[in-house]
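**Student:** Here you go, one structure.
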Number of protein chains: 2
Amino acid sequence: MATFTHHHHGALLKTPLSGRARIPGSKSRPGPFRVRMSLQETGPSLAVVGVTGAVGQEFLSVLQDRDFPFRSIKMLASKRSAGQNLNFLGQNYVVEELTRDSFDDVDIALFSAGGSISKEFGPLAVESGTIVVDNSSAFRMQKGVPLVVPEVNPEAMEGIKVGRGKGALIANPNCSTIICLMAATPLHRHSKVLRMVVSTYQAASGAGAAAMRELEQQTHEVLEGKPPTCKIFQRQYAFNLFSHNSAVLPNGYNEEEMKLVKETRKIWNDTDVKVTATCIRVPVMRAHAESINLQFENPLDEDTARDILKKAPGLVIIDDRTSNNFPTPLEVSNKDDVAVGRIRRDVSQEGNYGLDIFVCGDQIRKGAALNAVQIAEMLL
Amino acid sequence: MATFTHHHHGALLKTPLSGRARIPGSKSRPGPFRVRMSLQETGPSLAVVGVTGAVGQEFLSVLQDRDFPFRSIKMLASKRSAGQNLNFLGQNYVVEELTRDSFDDVDIALFSAGGSISKEFGPLAVESGTIVVDNSSAFRMQKGVPLVVPEVNPEAMEGIKVGRGKGALIANPNCSTIICLMAATPLHRHSKVLRMVVSTYQAASGAGAAAMRELEQQTHEVLEGKPPTCKIFQRQYAFNLFSHNSAVLPNGYNEEEMKLVKETRKIWNDTDVKVTATCIRVPVMRAHAESINLQFENPLDEDTARDILKKAPGLVIIDDRTSNNFPTPLEVSNKDDVAVGRIRRDVSQEGNYGLDIFVCGDQIRKGAALNAVQIAEMLL
């Protein structure tokens, strides 16, 4: 029987590169407490849509790690995956096929099964009184749908609670946006950001578990002198990098880049903020990095910025100039906190009106599953 | 007997990843012509300093590819490498130890053996009448030493020629600077660049052949679930990325970043241009990528920019939005031309005052050896 660890991944994903010991009870919680959690009769009824995907699996991992209370949980996926067995918190679950009736009696549904599934089943779930936390881009820019990073704009989802008998849609922002704004927002609250120039270094995981496997397979092949197998991406990914694989729009930006531009405006509730982004896929497994150049309305010196970032929730500073120790994707992999470093006055701007920072965050965790579960926590 | 291909590298470097068939005579030149070149009695006497390193080997490759005329060539390296045999253009050479007397009767010396070797032996070579093209950072910012990208500022080395009996120092810019300015300069000539925000994606080769081998070895190890061997870099490089390994200065920038800032000013002969850079090492073998955001004094629309870049020497445009085909490091590896794409109006700036571009260039070739040999060609 499969466990809910990434059993379907290749060898690489079990190595220290991305693997994490998921030993039950190893998180300082005694075993009996866990058992109580999974058997409790209070708490909402949950559903995870797309439970066999990379983010779906991480939903379970985060629910466990945070002792999220629930009285029941439905494991939903496509017909293809239905019937699989999952072990979660010591209990066996059978993956069910997602249908129109899946949401009867579900309080909170965590969706991560792609935009078209969200578009089809999200509104159906809401109709049956479910609060949907959707990880796809389907509803992010829709008016009236809160787009939430809990540390940044919890007020956007005010009034939406479990137990009021009303369904709702809440959108999880794009991974690059979440990771960027975790660091940029505390600074922005202190001295308004007028303009941001972002260049990303994005991991394979953003394209799903199959992309991670493809990177691993290609790397084996290239090391053996064989031509790389290209299925998910149209070109060699191992020892290479390329412009993000999302569609390029008429303005020359790809969809991923425009998400950073538009979602920032919505999350900050600031239609004036200027953002440009260049999104690049790099041969890294599961954490994104971002080089962010900031331009402020009022001066913000480096030391003040560092103090602000130190106090910011969900953020850790790694910024040791002497030992050249700064955030890396590997270091934040499987971690909740976003790491920020390379904090320095921008020499290309006058006085203290500019800063450069470098940010890394786990794409699957804070970039997706953790953020969604944090949203769900605010619903209780 | 060793050939001058990268015989000292591991298996990976012979694969399509970075390998290039170096079959004598395969470059559309008939064999006899090659033989004539290597036996000719005209042309300058050359020396290659650091001939066994990654750039040193590439010097030979570029000299061959460009049929650089010479009447003799000295292969110089450290004591450790002295005595090795090299085959170049069908002739056998023995690597000689670099000494004070190495430059007697040498017209042009191509140096790539690190800054301390350049500092010690560069001035000695100049004293004995040799023109030194130095790939290190030792003399780049020294007043009176031309810092040259032949397509950008050939005028900086005006008057320096072989045959005038006078030694001279000419500095090869840093690889990131060369690759950036190959694309930014043609635009700058048309509409002055006021400010540039650069984020780099730098290959292993910039840290030398040993770093490329370390990346290959680590990748093997990580795939096998073993801990990675870290000798050149202090942390895991395989499936990871990190802030450039050069020293971090008191202003928080690392040396690599400040090279981009300062060398741009010198090469453009423009003390006002504002540059900021974030330099990141990515797990790619031998070509750098750069995300460049440009701010202009006067409007420069996207179509005009594309026309300018199309006509620029040493540059190729890869910018197919429909098929999502843009420059990649792998594609420019072992190529002379720098590739530019993702050319688009910056949505974060008013009107046509801003552009975003993405550039890739072979770090060893245009970023080092090719640029130096092009400089040497101008000396004839």
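Labels for the structure tokens follow display order: chains A, B, ..., residues from 1 in each chain, ligands from 1.
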According to DSSP computed on the backbone, where in region 81-143 of chain B is there strand (DSSP E)? Give the residues as a PyMOL selection string.
**Tutor:** chain B and resi 85-88+91-94+96-97+108-111+131-134
**Student:** The selected residues should be written to file as a PDB file, in the first residue's frame (atoms: C-alpha atoms).
**Tutor:**
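And here's out.pdb as it stands now:
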```
ATOM      1  CA  ASN B  85      52.184  17.210 -24.641  1.00  0.00           C
ATOM      2  CA  LEU B  86      49.611  19.123 -26.670  1.00  0.00           C
ATOM      3  CA  ASN B  87      48.568  18.512 -30.230  1.00  0.00           C
ATOM      4  CA  PHE B  88      47.588  21.685 -32.015  1.00  0.00           C
ATOM      5  CA  GLN B  91      51.810  19.535 -34.509  1.00  0.00           C
ATOM      6  CA  ASN B  92      53.105  18.411 -31.164  1.00  0.00           C
ATOM      7  CA  TYR B  93      53.876  20.985 -28.495  1.00  0.00           C
ATOM      8  CA  VAL B  94      55.363  20.537 -25.059  1.00  0.00           C
ATOM      9  CA  GLU B  96      56.571  25.003 -20.965  1.00  0.00           C
ATOM     10  CA  GLU B  97      56.780  26.448 -17.493  1.00  0.00           C
ATOM     11  CA  ILE B 108      51.171  38.663 -28.507  1.00  0.00           C
ATOM     12  CA  ALA B 109      50.483  36.790 -25.270  1.00  0.00           C
ATOM     13  CA  LEU B 110      47.014  35.602 -24.368  1.00  0.00           C
ATOM     14  CA  PHE B 111      46.797  35.340 -20.572  1.00  0.00           C
ATOM     15  CA  ILE B 131      51.292  42.929 -26.240  1.00  0.00           C
ATOM     16  CA  VAL B 132      49.355  41.173 -23.494  1.00  0.00           C
ATOM     17  CA  VAL B 133      45.654  40.408 -23.865  1.00  0.00           C
ATOM     18  CA  ASP B 134      44.722  39.599 -20.308  1.00  0.00           C
TER      19      ASP B 134
END
```
**Student:** Using only C-alpha atoms and a distance of at most 6 Å, pull out the residues of chain A that contact chain B, as a ChimeraX atom specification.
**Tutor:** /A:12,15,223,225,239-240,242,248,252,274-276,283-284,321,328,330,344,348
**Student:** Write out, as a PDB file, in the first residue's frame, the residues just selected, with N, CA and C atoms.
**Tutor:**
```pdb
ATOM      1  N   LEU A  12      15.910  10.184  -7.015  1.00  0.00           N
ATOM      2  CA  LEU A  12      16.425  11.491  -6.642  1.00  0.00           C
ATOM      3  C   LEU A  12      15.589  12.138  -5.549  1.00  0.00           C
ATOM      4  N   THR A  15      16.425  11.397  -2.003  1.00  0.00           N
ATOM      5  CA  THR A  15      17.734  11.796  -1.483  1.00  0.00           C
ATOM      6  C   THR A  15      17.581  13.082  -0.678  1.00  0.00           C
ATOM      7  N   LEU A 223      24.159  12.571 -18.381  1.00  0.00           N
ATOM      8  CA  LEU A 223      25.408  12.087 -17.768  1.00  0.00           C
ATOM      9  C   LEU A 223      25.916  10.828 -18.458  1.00  0.00           C
ATOM     10  N   GLY A 225      25.560  10.339 -21.607  1.00  0.00           N
ATOM     11  CA  GLY A 225      25.827  10.652 -23.005  1.00  0.00           C
ATOM     12  C   GLY A 225      24.684  10.321 -23.953  1.00  0.00           C
ATOM     13  N   PHE A 239      20.993  20.503 -16.920  1.00  0.00           N
ATOM     14  CA  PHE A 239      22.145  21.373 -17.183  1.00  0.00           C
ATOM     15  C   PHE A 239      21.803  22.502 -18.155  1.00  0.00           C
ATOM     16  N   ASN A 240      20.564  22.940 -18.118  1.00  0.00           N
ATOM     17  CA  ASN A 240      20.130  24.007 -19.013  1.00  0.00           C
ATOM     18  C   ASN A 240      19.093  24.860 -18.266  1.00  0.00           C
ATOM     19  N   PHE A 242      15.603  27.756 -19.260  1.00  0.00           N
ATOM     20  CA  PHE A 242      14.851  28.329 -20.380  1.00  0.00           C
ATOM     21  C   PHE A 242      13.724  29.212 -19.871  1.00  0.00           C
ATOM     22  N   VAL A 248       3.127  32.761 -24.219  1.00  0.00           N
ATOM     23  CA  VAL A 248       3.567  34.149 -24.330  1.00  0.00           C
ATOM     24  C   VAL A 248       2.409  34.981 -24.881  1.00  0.00           C
ATOM     25  N   GLY A 252       4.345  40.234 -25.159  1.00  0.00           N
ATOM     26  CA  GLY A 252       5.691  39.667 -25.070  1.00  0.00           C
ATOM     27  C   GLY A 252       6.002  39.046 -23.717  1.00  0.00           C
ATOM     28  N   LYS A 274       4.121  49.372 -10.078  1.00  0.00           N
ATOM     29  CA  LYS A 274       4.719  48.964 -11.354  1.00  0.00           C
ATOM     30  C   LYS A 274       5.555  47.717 -11.123  1.00  0.00           C
ATOM     31  N   VAL A 275       5.280  46.695 -11.892  1.00  0.00           N
ATOM     32  CA  VAL A 275       6.037  45.442 -11.759  1.00  0.00           C
ATOM     33  C   VAL A 275       6.441  44.967 -13.150  1.00  0.00           C
ATOM     34  N   THR A 276       7.684  44.554 -13.293  1.00  0.00           N
ATOM     35  CA  THR A 276       8.064  43.802 -14.483  1.00  0.00           C
ATOM     36  C   THR A 276       8.768  42.538 -14.004  1.00  0.00           C
ATOM     37  N   PRO A 283      17.248  24.203 -13.574  1.00  0.00           N
ATOM     38  CA  PRO A 283      17.249  22.773 -13.225  1.00  0.00           C
ATOM     39  C   PRO A 283      17.426  22.516 -11.729  1.00  0.00           C
ATOM     40  N   VAL A 284      16.425  22.925 -10.996  1.00  0.00           N
ATOM     41  CA  VAL A 284      16.359  22.780  -9.544  1.00  0.00           C
ATOM     42  C   VAL A 284      15.038  22.063  -9.279  1.00  0.00           C
ATOM     43  N   ARG A 321      27.487  38.025   4.767  1.00  0.00           N
ATOM     44  CA  ARG A 321      28.412  38.467   3.721  1.00  0.00           C
ATOM     45  C   ARG A 321      29.814  37.887   3.896  1.00  0.00           C
ATOM     46  N   THR A 328      19.494  29.624  -0.610  1.00  0.00           N
ATOM     47  CA  THR A 328      19.557  28.742  -1.779  1.00  0.00           C
ATOM     48  C   THR A 328      18.258  27.933  -1.827  1.00  0.00           C
ATOM     49  N   LEU A 330      17.883  24.807  -2.318  1.00  0.00           N
ATOM     50  CA  LEU A 330      18.011  23.533  -1.615  1.00  0.00           C
ATOM     51  C   LEU A 330      17.738  23.692  -0.125  1.00  0.00           C
ATOM     52  N   ARG A 344      20.668  44.749   0.169  1.00  0.00           N
ATOM     53  CA  ARG A 344      21.662  45.809  -0.017  1.00  0.00           C
ATOM     54  C   ARG A 344      21.052  47.015  -0.720  1.00  0.00           C
ATOM     55  N   SER A 348      22.342  51.683  -8.084  1.00  0.00           N
ATOM     56  CA  SER A 348      21.886  52.353  -9.307  1.00  0.00           C
ATOM     57  C   SER A 348      20.782  53.376  -9.035  1.00  0.00           C
TER      58      SER A 348
END
```
**Student:** Pick out the residues sitting within 9 Å of Tyr353 (chain A), and hand them over as a ChimeraX atom specification; count only C-alpha atoms, and ignore anything fewer than 4 positions along from it in its own chain.
**Tutor:** /A:294-301,345-346,349
**Student:** Tell me, in Å to one decimal, how far CA of Pro123 (chain B) is from CA of Ser102 (chain B).
**Tutor:**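 If I compute the distance from CA of Pro123 (chain B) to CA of Ser102 (chain B), I get 12.5 Å.
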**Student:** What's the 12 Å shell around Glu155 (chain B), counting only C-alpha atoms, without same-chain residues fewer than 4 positions away, as a ChimeraX atom specification?
**Tutor:** /B:146-151,159-160,267-269,375,378
**Student:** Just the selected residues (N, CA and C atoms), exported as a PDB file, in the first residue's frame, please.
**Tutor:**
```
ATOM      1  N   PRO B 146      43.308  49.698 -21.944  1.00  0.00           N
ATOM      2  CA  PRO B 146      42.026  49.567 -22.648  1.00  0.00           C
ATOM      3  C   PRO B 146      41.278  48.321 -22.182  1.00  0.00           C
ATOM      4  N   LEU B 147      39.983  48.458 -22.006  1.00  0.00           N
ATOM      5  CA  LEU B 147      39.103  47.350 -21.627  1.00  0.00           C
ATOM      6  C   LEU B 147      38.151  47.186 -22.812  1.00  0.00           C
ATOM      7  N   VAL B 148      38.311  46.089 -23.553  1.00  0.00           N
ATOM      8  CA  VAL B 148      37.760  46.085 -24.912  1.00  0.00           C
ATOM      9  C   VAL B 148      36.830  44.909 -25.209  1.00  0.00           C
ATOM     10  N   VAL B 149      35.672  45.243 -25.767  1.00  0.00           N
ATOM     11  CA  VAL B 149      34.843  44.274 -26.484  1.00  0.00           C
ATOM     12  C   VAL B 149      34.894  44.748 -27.943  1.00  0.00           C
ATOM     13  N   PRO B 150      35.518  43.979 -28.828  1.00  0.00           N
ATOM     14  CA  PRO B 150      35.753  44.488 -30.183  1.00  0.00           C
ATOM     15  C   PRO B 150      34.511  45.029 -30.889  1.00  0.00           C
ATOM     16  N   GLU B 151      33.354  44.434 -30.669  1.00  0.00           N
ATOM     17  CA  GLU B 151      32.133  44.939 -31.318  1.00  0.00           C
ATOM     18  C   GLU B 151      31.644  46.228 -30.673  1.00  0.00           C
ATOM     19  N   GLY B 159      45.887  52.484 -31.967  1.00  0.00           N
ATOM     20  CA  GLY B 159      47.315  52.781 -31.888  1.00  0.00           C
ATOM     21  C   GLY B 159      48.146  51.635 -31.352  1.00  0.00           C
ATOM     22  N   ILE B 160      47.495  50.634 -30.777  1.00  0.00           N
ATOM     23  CA  ILE B 160      48.253  49.471 -30.296  1.00  0.00           C
ATOM     24  C   ILE B 160      48.295  48.433 -31.413  1.00  0.00           C
ATOM     25  N   ILE B 267      33.771  50.765 -20.338  1.00  0.00           N
ATOM     26  CA  ILE B 267      33.648  50.361 -21.741  1.00  0.00           C
ATOM     27  C   ILE B 267      32.787  51.352 -22.515  1.00  0.00           C
ATOM     28  N   TRP B 268      31.730  51.833 -21.899  1.00  0.00           N
ATOM     29  CA  TRP B 268      30.866  52.822 -22.564  1.00  0.00           C
ATOM     30  C   TRP B 268      31.417  54.243 -22.437  1.00  0.00           C
ATOM     31  N   ASN B 269      32.478  54.386 -21.665  1.00  0.00           N
ATOM     32  CA  ASN B 269      33.058  55.704 -21.423  1.00  0.00           C
ATOM     33  C   ASN B 269      31.959  56.656 -20.949  1.00  0.00           C
ATOM     34  N   ILE B 375      40.385  40.572 -30.007  1.00  0.00           N
ATOM     35  CA  ILE B 375      41.261  41.707 -29.669  1.00  0.00           C
ATOM     36  C   ILE B 375      42.612  41.522 -30.353  1.00  0.00           C
ATOM     37  N   MET B 378      42.757  42.451 -33.947  1.00  0.00           N
ATOM     38  CA  MET B 378      42.827  43.891 -34.225  1.00  0.00           C
ATOM     39  C   MET B 378      44.242  44.443 -34.082  1.00  0.00           C
TER      40      MET B 378
END
```
**Student:** If you run DSSP on the backbone here, which positions in region 290-337 of chain B get alpha helix (DSSP H)? Please write them as a list in words.
**Tutor:**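 The residues of region 290-337 of chain B classed as alpha helix (DSSP H) are Glu302, Asp303, Thr304, Ala305, Arg306, Asp307, Ile308, Leu309, Lys310, Lys311, Pro329, Leu330, Glu331 and Val332 of chain B.
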**Student:** So how many Å separate CA of Leu379 (chain B) and CA of Leu63 (chain B), to one decimal?
**Tutor:**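 CA of Leu63 (chain B) lies at a distance of 14.2 Å from CA of Leu379 (chain B).
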**Student:** Residues at most 9 Å from region 56-58 of chain A, counting only C-alpha atoms, excluding those fewer than 4 positions away in the same chain, as number ranges by chain?
**Tutor:** A: 4-6, 48-52, 62-63, 110-113, 364-365, 368-370
**Student:** Could you check the closest approach to Asp362 (chain A) for each of A:Val126, A:Val193, A:Ala211, A:Cys180 and tell me which residue wins, using only C-alpha atoms?
**Tutor:**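 Using only C-alpha atoms, Asp362 (chain A) sits closest to A:Cys180.
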**Student:** Which residues are close to Ser116 (chain A), i.e. within 10 Å by only C-alpha atoms, leaving aside same-chain residues fewer than 3 positions away? Reply as an MDAnalysis selection string.
**Tutor:** chainID A and resid 113 119:122 136:138
**Student:** In terms of the shortest atom-to-atom distance over only C-alpha atoms, which of B:Gly43, B:Phe139, B:Arg265, B:Arg281 is closest to Ile117 (chain B)?
**Tutor:**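 So, comparing all the options, the nearest one is B:Phe139.
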**Student:** Can you work out the spacing between CA of Val95 (chain A) and CA of Gly115 (chain A) in Å, to one decimal?
**Tutor:**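 Calculated distance between CA of Val95 (chain A) and CA of Gly115 (chain A) is 20.4 Å.
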**Student:** Env of Ile308 (chain B): 10 Å cut, atoms = only C-alpha atoms, seq-sep filter 6 positions within chain, self excluded. Answer as a PyMOL selection string.
**Tutor:** chain B and resi 183+186-187+189-190+302
**Student:** Convert the current residue selection to file output with N, CA and C atoms, as a PDB file, in the first residue's frame.
**Tutor:**
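This is the output file again.pdb:
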```pdb
ATOM      1  N   ALA B 183      24.565  42.873 -26.165  1.00  0.00           N
ATOM      2  CA  ALA B 183      23.167  43.167 -26.508  1.00  0.00           C
ATOM      3  C   ALA B 183      22.763  44.588 -26.125  1.00  0.00           C
ATOM      4  N   PRO B 186      24.252  48.063 -28.664  1.00  0.00           N
ATOM      5  CA  PRO B 186      23.588  48.585 -29.869  1.00  0.00           C
ATOM      6  C   PRO B 186      22.360  49.423 -29.527  1.00  0.00           C
ATOM      7  N   LEU B 187      21.628  49.030 -28.491  1.00  0.00           N
ATOM      8  CA  LEU B 187      20.462  49.805 -28.058  1.00  0.00           C
ATOM      9  C   LEU B 187      20.907  51.130 -27.454  1.00  0.00           C
ATOM     10  N   ARG B 189      23.545  52.793 -28.106  1.00  0.00           N
ATOM     11  CA  ARG B 189      24.029  53.724 -29.147  1.00  0.00           C
ATOM     12  C   ARG B 189      22.859  54.475 -29.784  1.00  0.00           C
ATOM     13  N   HIS B 190      21.720  53.817 -29.795  1.00  0.00           N
ATOM     14  CA  HIS B 190      20.550  54.435 -30.424  1.00  0.00           C
ATOM     15  C   HIS B 190      19.797  55.331 -29.448  1.00  0.00           C
ATOM     16  N   GLU B 302       9.838  48.635 -29.195  1.00  0.00           N
ATOM     17  CA  GLU B 302      10.245  47.235 -29.317  1.00  0.00           C
ATOM     18  C   GLU B 302      10.685  46.868 -30.738  1.00  0.00           C
TER      19      GLU B 302
END
```
